[in-house]
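Structure first, commentary second.
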Amino acid sequence: MRSHLLNDTTAEQYRRSVTEGVERVAAKLAATDRPFTGVTVDALAPRIDGIDLDQPLHDTTAVLDELEEVYLRDAIYFHHPRYLAHLNCPVVIPAVLGEAVLSAVNSSLDTWDQSAGGTLIERKLIDWTTARIGLGENADGVFTSGGTQSNLQALLLAREEAKTQDLAKLRIFASEVSHFSVKKSAKLLGLGQDAVVSIPVDHDKRMQTVALARELERCARDGLVPMAVVATAGTTDFGSIDPLPEIAELVAQYGTWMHVDAAYGCGLLASLKHRDRIAGIERADSVTVDYHKSFFQPVSSSAVLVRDAATLRHATYHAEYLNPRRMVQERIPNQVDKSLQTTRRFDALKLWMTLRTMGADGIGQLFDEVCALAREGWKLLAADPRFDVVVEPSLSTLVFRYIPANVTDPAEIDRANLYARKALFASGDAIVAGTKVGGRHYLKFTLLNPETQASDIAAVLDLIAGHAEQYLGESLDRAS
């Protein structure tokens, strides 16, 4: 069994095995003509359930053959131009190369004596990102598993900086369309059910600062503690960007922590055309970025950044076997000192490889392309009487629904849109997401693939309309 260990004696076997795997994936990518096969849970589950994990195949080729059957054939391929659903981006090749390197070397980024150069590369990328944001010379941060963890850590720091022992008095303010992880974080941090105050949004799905000011004033009047205001730069459902400068003014007035969840909108940090859309982000106390959303990185690649490096001490614990306190005096850079995780992958390498190959402008150009595509898609929807589109896109998301000409019952229209989404997914021809607006079912395009064209959007809209019309026709037949 030692022949399977990666070391100096098995380097050639490693080369052959990985090459064979890469060739399989490359062939699959080249031959993929739709984002999904349409396989059902009932069809796929028995194949996987029937595999006896206690009976290995003892051969890489056989394992890859089996993997083709249970995974590669039916995987959902985000690189396909008609994958239009969630915040999943196609990935750039330099980042995939970085993934291969970091997996093989297997550095752990918790301590210097496990990562050395990896630690310094991650720190360099944190400095690069905080400079792009404009957080100042005292800024710092750390890579995380994703936006949810980044938001949790930011709110942990905000809780500690609020300097009160009475957790019941703490309040977090976020828009009604902010990410669910804000409420989840509040629960994990031991705050009450009513700790998160939901602020209404305007027509463009941006936080209403008048309402925020009113709630902050109410908080102070009631003797409560405004722990944090969470502004969103790219909401999950709409891609909307809260008015960051106005929020920053209110936060300064009340001495509250300002966190900007830019998990989606962080691509604007590299944008060549639209950087001004996140003006005011530089005034934040903490920022969440997800490189695996709008920097075209493989999952996972995320970070939490802070204006004041000293606030990261709230996540610091010292263990004698790992990062004893003396290492701080010895100036040994242990990343675990500022992370919620201990063992942690060298995910920063993917972004490093990308920047060193493509440059920030290369990333920004790709993100600008999908923002331009969303604008084209909005024009198509706005001009098509079959659809109702909610808001003009701030980033690359479109929320809309099919509106039949001869049906007025909102519940029936809801069912037609739900059916269309499910039928489209089952066909495998395209994948779209869904959400609710005003209690009604809507569909959603999240456009993160520069290879997607306006013609793809038009074709998918025709497919959606066709499935919805089929449902309504069958519904009328049943009714008669």
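Residue names in the structure tokens use chain letters A, B, ... in the order shown, residue numbers from 1 in each chain, and ligand numbers from 1 in the order shown.
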Pull the helix (DSSP H, G or I) assignments for segment 34-253 of chain A out of DSSP run on the backbone, and list those residues as number ranges by chain.
A: 41-49, 60-72, 93-105, 112-115, 117-133, 147-161, 167-169, 181-188, 209-221, 244-253
What lies within 12 Å of Val251 of chain A using only C-alpha atoms, ignoring chain neighbours under 2 positions off, as a PyMOL selection string?
chain A and resi 172-173+209+212-213+215-217+226-231+244-249+253-260+280+283-285
I'd like the neighbourhood of Glu160 of chain A as a list of chain:residue names, where a residue qualifies if any of its atoms comes within 12 Å (using only C-alpha atoms), though same-chain residues fewer than 5 positions away should be ignored.
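The neighbour list is A:Gln153, A:Ala154, A:Leu155, A:Gln165, A:Asp166, A:Leu167, A:Leu170, A:Leu189, A:Met227, A:Ala228, A:Trp257, A:Ala310, A:Thr311, A:Leu312, A:Arg313, A:His314, A:Ala315.
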Convert the current residue selection to file output with N, CA, C and O atoms, as a PDB file, in the first residue's frame.
```pdb
ATOM      1  N   GLN A 153     -16.813  35.749  11.158  1.00  0.00           N
ATOM      2  CA  GLN A 153     -15.648  36.281  11.846  1.00  0.00           C
ATOM      3  C   GLN A 153     -15.745  37.798  11.993  1.00  0.00           C
ATOM      4  O   GLN A 153     -15.412  38.348  13.049  1.00  0.00           O
ATOM      5  N   ALA A 154     -16.209  38.482  10.958  1.00  0.00           N
ATOM      6  CA  ALA A 154     -16.351  39.936  11.036  1.00  0.00           C
ATOM      7  C   ALA A 154     -17.315  40.328  12.154  1.00  0.00           C
ATOM      8  O   ALA A 154     -17.045  41.265  12.922  1.00  0.00           O
ATOM      9  N   LEU A 155     -18.409  39.607  12.276  1.00  0.00           N
ATOM     10  CA  LEU A 155     -19.389  39.939  13.312  1.00  0.00           C
ATOM     11  C   LEU A 155     -18.898  39.526  14.698  1.00  0.00           C
ATOM     12  O   LEU A 155     -19.272  40.149  15.703  1.00  0.00           O
ATOM     13  N   GLN A 165     -21.034  43.257  28.040  1.00  0.00           N
ATOM     14  CA  GLN A 165     -21.223  41.881  28.475  1.00  0.00           C
ATOM     15  C   GLN A 165     -22.663  41.424  28.320  1.00  0.00           C
ATOM     16  O   GLN A 165     -22.964  40.237  28.394  1.00  0.00           O
ATOM     17  N   ASP A 166     -23.555  42.386  28.094  1.00  0.00           N
ATOM     18  CA  ASP A 166     -24.978  42.071  27.976  1.00  0.00           C
ATOM     19  C   ASP A 166     -25.314  41.829  26.506  1.00  0.00           C
ATOM     20  O   ASP A 166     -25.688  42.750  25.777  1.00  0.00           O
ATOM     21  N   LEU A 167     -25.193  40.581  26.076  1.00  0.00           N
ATOM     22  CA  LEU A 167     -25.400  40.264  24.671  1.00  0.00           C
ATOM     23  C   LEU A 167     -26.827  40.549  24.208  1.00  0.00           C
ATOM     24  O   LEU A 167     -27.060  40.799  23.019  1.00  0.00           O
ATOM     25  N   LEU A 170     -27.292  43.778  22.190  1.00  0.00           N
ATOM     26  CA  LEU A 170     -26.615  43.992  20.919  1.00  0.00           C
ATOM     27  C   LEU A 170     -27.577  43.876  19.734  1.00  0.00           C
ATOM     28  O   LEU A 170     -28.448  43.011  19.712  1.00  0.00           O
ATOM     29  N   LEU A 189     -23.231  33.419  17.464  1.00  0.00           N
ATOM     30  CA  LEU A 189     -22.530  34.302  18.391  1.00  0.00           C
ATOM     31  C   LEU A 189     -23.283  34.496  19.703  1.00  0.00           C
ATOM     32  O   LEU A 189     -22.867  35.289  20.536  1.00  0.00           O
ATOM     33  N   MET A 227     -24.368  47.125  17.465  1.00  0.00           N
ATOM     34  CA  MET A 227     -23.119  46.363  17.342  1.00  0.00           C
ATOM     35  C   MET A 227     -22.495  46.507  15.963  1.00  0.00           C
ATOM     36  O   MET A 227     -21.286  46.687  15.827  1.00  0.00           O
ATOM     37  N   ALA A 228     -23.307  46.411  14.901  1.00  0.00           N
ATOM     38  CA  ALA A 228     -22.765  46.455  13.544  1.00  0.00           C
ATOM     39  C   ALA A 228     -23.855  46.798  12.546  1.00  0.00           C
ATOM     40  O   ALA A 228     -25.029  46.459  12.738  1.00  0.00           O
ATOM     41  N   TRP A 257     -19.722  49.504  14.229  1.00  0.00           N
ATOM     42  CA  TRP A 257     -18.864  48.750  13.310  1.00  0.00           C
ATOM     43  C   TRP A 257     -19.562  48.663  11.955  1.00  0.00           C
ATOM     44  O   TRP A 257     -20.750  48.335  11.873  1.00  0.00           O
ATOM     45  N   ALA A 310      -5.337  45.003  14.756  1.00  0.00           N
ATOM     46  CA  ALA A 310      -5.420  44.651  16.178  1.00  0.00           C
ATOM     47  C   ALA A 310      -6.734  43.973  16.522  1.00  0.00           C
ATOM     48  O   ALA A 310      -6.801  43.185  17.476  1.00  0.00           O
ATOM     49  N   THR A 311      -7.789  44.238  15.759  1.00  0.00           N
ATOM     50  CA  THR A 311      -9.085  43.629  16.088  1.00  0.00           C
ATOM     51  C   THR A 311      -9.085  42.126  15.849  1.00  0.00           C
ATOM     52  O   THR A 311      -9.915  41.412  16.421  1.00  0.00           O
ATOM     53  N   LEU A 312      -8.159  41.641  15.062  1.00  0.00           N
ATOM     54  CA  LEU A 312      -8.096  40.200  14.809  1.00  0.00           C
ATOM     55  C   LEU A 312      -7.700  39.415  16.059  1.00  0.00           C
ATOM     56  O   LEU A 312      -7.840  38.192  16.092  1.00  0.00           O
ATOM     57  N   ARG A 313      -7.234  40.132  17.092  1.00  0.00           N
ATOM     58  CA  ARG A 313      -6.856  39.447  18.331  1.00  0.00           C
ATOM     59  C   ARG A 313      -8.048  38.732  18.961  1.00  0.00           C
ATOM     60  O   ARG A 313      -7.881  37.784  19.739  1.00  0.00           O
ATOM     61  N   HIS A 314      -9.259  39.151  18.611  1.00  0.00           N
ATOM     62  CA  HIS A 314     -10.445  38.523  19.191  1.00  0.00           C
ATOM     63  C   HIS A 314     -10.633  37.088  18.705  1.00  0.00           C
ATOM     64  O   HIS A 314     -11.443  36.347  19.276  1.00  0.00           O
ATOM     65  N   ALA A 315      -9.911  36.715  17.676  1.00  0.00           N
ATOM     66  CA  ALA A 315      -9.967  35.332  17.181  1.00  0.00           C
ATOM     67  C   ALA A 315      -8.715  34.549  17.556  1.00  0.00           C
ATOM     68  O   ALA A 315      -8.522  33.426  17.095  1.00  0.00           O
TER      69      ALA A 315
END
```
Would you mind listing what lies within 9 Å of Arg206 of chain A as a VMD selection string, with only C-alpha atoms counted and same-chain residues fewer than 2 positions away left out?
chain A and resid 175 177 200 to 204 208 to 209 232 235 240 to 243
Do a neighbour search on Tyr419 of chain A at 10 Å with only C-alpha atoms, toss out local chain neighbours closer than 6 positions, and write the hits as a PyMOL selection string.
chain A and resi 413+425+464+467-472
Atom CA of Pro333 of chain A to atom CA of Gly146 of chain A: how many Å, to one decimal?
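Separation between atom CA of Pro333 of chain A and atom CA of Gly146 of chain A: 22.5 Å.
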Based on the backbone DSSP call, show me all residues of segment 408-440 of chain A assigned strand (DSSP E or B), as a list in words.
Ile431, Val432, Ala433, Gly434, Thr435, Lys436, Val437 and Arg440 of chain A
One-decimal distance in Å that lies between atom CA of Ala383 of chain A and atom CA of Ala405 of chain A:
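Answer for the atom CA of Ala405 of chain A to atom CA of Ala383 of chain A separation: 14.9 Å.
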Quick one: residues within 10 Å of segment 429-431 of chain A, only C-alpha atoms, excluding same-chain residues fewer than 4 positions away - as a VMD selection string?
chain A and resid 33 to 38 76 78 80 to 86 421 to 425 444 to 445 456 to 457 459 to 460 463 to 464
Hey, can you spit out that residue selection with N, CA and C atoms as a tab-separated table (two decimals), in the first residue's frame?
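So the final result, stored in part.tsv, reads:
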```tsv
chain	number	residue	atom	x	y	z
A	33	ASP	N	-22.02	19.45	-24.15
A	33	ASP	CA	-22.85	20.29	-25.00
A	33	ASP	C	-24.05	20.88	-24.26
A	34	ARG	N	-24.16	20.61	-22.99
A	34	ARG	CA	-25.19	21.21	-22.15
A	34	ARG	C	-24.72	21.15	-20.71
A	35	PRO	N	-25.26	21.99	-19.83
A	35	PRO	CA	-24.72	22.06	-18.48
A	35	PRO	C	-25.04	20.87	-17.59
A	36	PHE	N	-26.03	20.05	-17.98
A	36	PHE	CA	-26.48	18.98	-17.10
A	36	PHE	C	-27.13	17.89	-17.95
A	37	THR	N	-27.03	16.68	-17.49
A	37	THR	CA	-27.67	15.58	-18.21
A	37	THR	C	-29.15	15.45	-17.88
A	38	GLY	N	-29.58	16.05	-16.77
A	38	GLY	CA	-30.96	15.90	-16.35
A	38	GLY	C	-31.20	14.68	-15.50
A	76	ILE	N	-22.75	18.92	-12.83
A	76	ILE	CA	-23.25	20.19	-13.36
A	76	ILE	C	-22.04	21.04	-13.71
A	78	PHE	N	-20.30	24.28	-14.66
A	78	PHE	CA	-20.47	25.73	-14.59
A	78	PHE	C	-19.84	26.45	-15.77
A	80	HIS	N	-20.32	25.85	-18.82
A	80	HIS	CA	-21.21	25.90	-19.98
A	80	HIS	C	-21.95	27.23	-20.03
A	81	PRO	N	-22.06	27.85	-21.20
A	81	PRO	CA	-22.67	29.18	-21.28
A	81	PRO	C	-24.15	29.25	-20.93
A	82	ARG	N	-24.81	28.11	-20.81
A	82	ARG	CA	-26.21	28.14	-20.40
A	82	ARG	C	-26.41	27.67	-18.96
A	83	TYR	N	-25.33	27.62	-18.20
A	83	TYR	CA	-25.48	27.54	-16.74
A	83	TYR	C	-25.65	28.97	-16.26
A	84	LEU	N	-26.86	29.32	-15.81
A	84	LEU	CA	-27.19	30.70	-15.48
A	84	LEU	C	-27.78	30.81	-14.07
A	85	ALA	N	-27.47	29.87	-13.20
A	85	ALA	CA	-28.21	29.76	-11.94
A	85	ALA	C	-27.57	30.52	-10.79
A	86	HIS	N	-26.68	29.88	-10.07
A	86	HIS	CA	-26.20	30.43	-8.81
A	86	HIS	C	-24.88	31.18	-8.99
A	421	ARG	N	-38.97	26.23	-14.40
A	421	ARG	CA	-37.62	26.05	-13.87
A	421	ARG	C	-37.29	24.57	-13.70
A	422	LYS	N	-38.23	23.80	-13.13
A	422	LYS	CA	-37.99	22.38	-12.92
A	422	LYS	C	-37.87	21.63	-14.24
A	423	ALA	N	-38.72	21.96	-15.19
A	423	ALA	CA	-38.68	21.27	-16.48
A	423	ALA	C	-37.39	21.59	-17.23
A	424	LEU	N	-36.93	22.83	-17.13
A	424	LEU	CA	-35.69	23.21	-17.77
A	424	LEU	C	-34.51	22.45	-17.16
A	425	PHE	N	-34.50	22.33	-15.84
A	425	PHE	CA	-33.44	21.60	-15.15
A	425	PHE	C	-33.47	20.13	-15.55
A	444	LYS	N	-34.24	33.52	-11.88
A	444	LYS	CA	-33.04	34.34	-11.74
A	444	LYS	C	-31.93	33.82	-12.65
A	445	PHE	N	-31.33	34.77	-13.38
A	445	PHE	CA	-30.08	34.52	-14.10
A	445	PHE	C	-28.95	35.13	-13.28
A	456	ASP	N	-27.65	33.28	-26.07
A	456	ASP	CA	-27.94	32.22	-25.10
A	456	ASP	C	-29.09	32.65	-24.19
A	457	ILE	N	-29.04	33.89	-23.73
A	457	ILE	CA	-30.10	34.40	-22.87
A	457	ILE	C	-31.44	34.34	-23.60
A	459	ALA	N	-32.31	32.44	-26.07
A	459	ALA	CA	-32.73	31.05	-26.27
A	459	ALA	C	-33.31	30.46	-24.99
A	460	VAL	N	-32.69	30.75	-23.85
A	460	VAL	CA	-33.18	30.22	-22.58
A	460	VAL	C	-34.53	30.85	-22.23
A	463	LEU	N	-37.03	28.93	-24.06
A	463	LEU	CA	-37.26	27.62	-23.42
A	463	LEU	C	-38.15	27.76	-22.20
A	464	ILE	N	-37.90	28.78	-21.39
A	464	ILE	CA	-38.71	29.01	-20.20
A	464	ILE	C	-40.16	29.27	-20.58
```
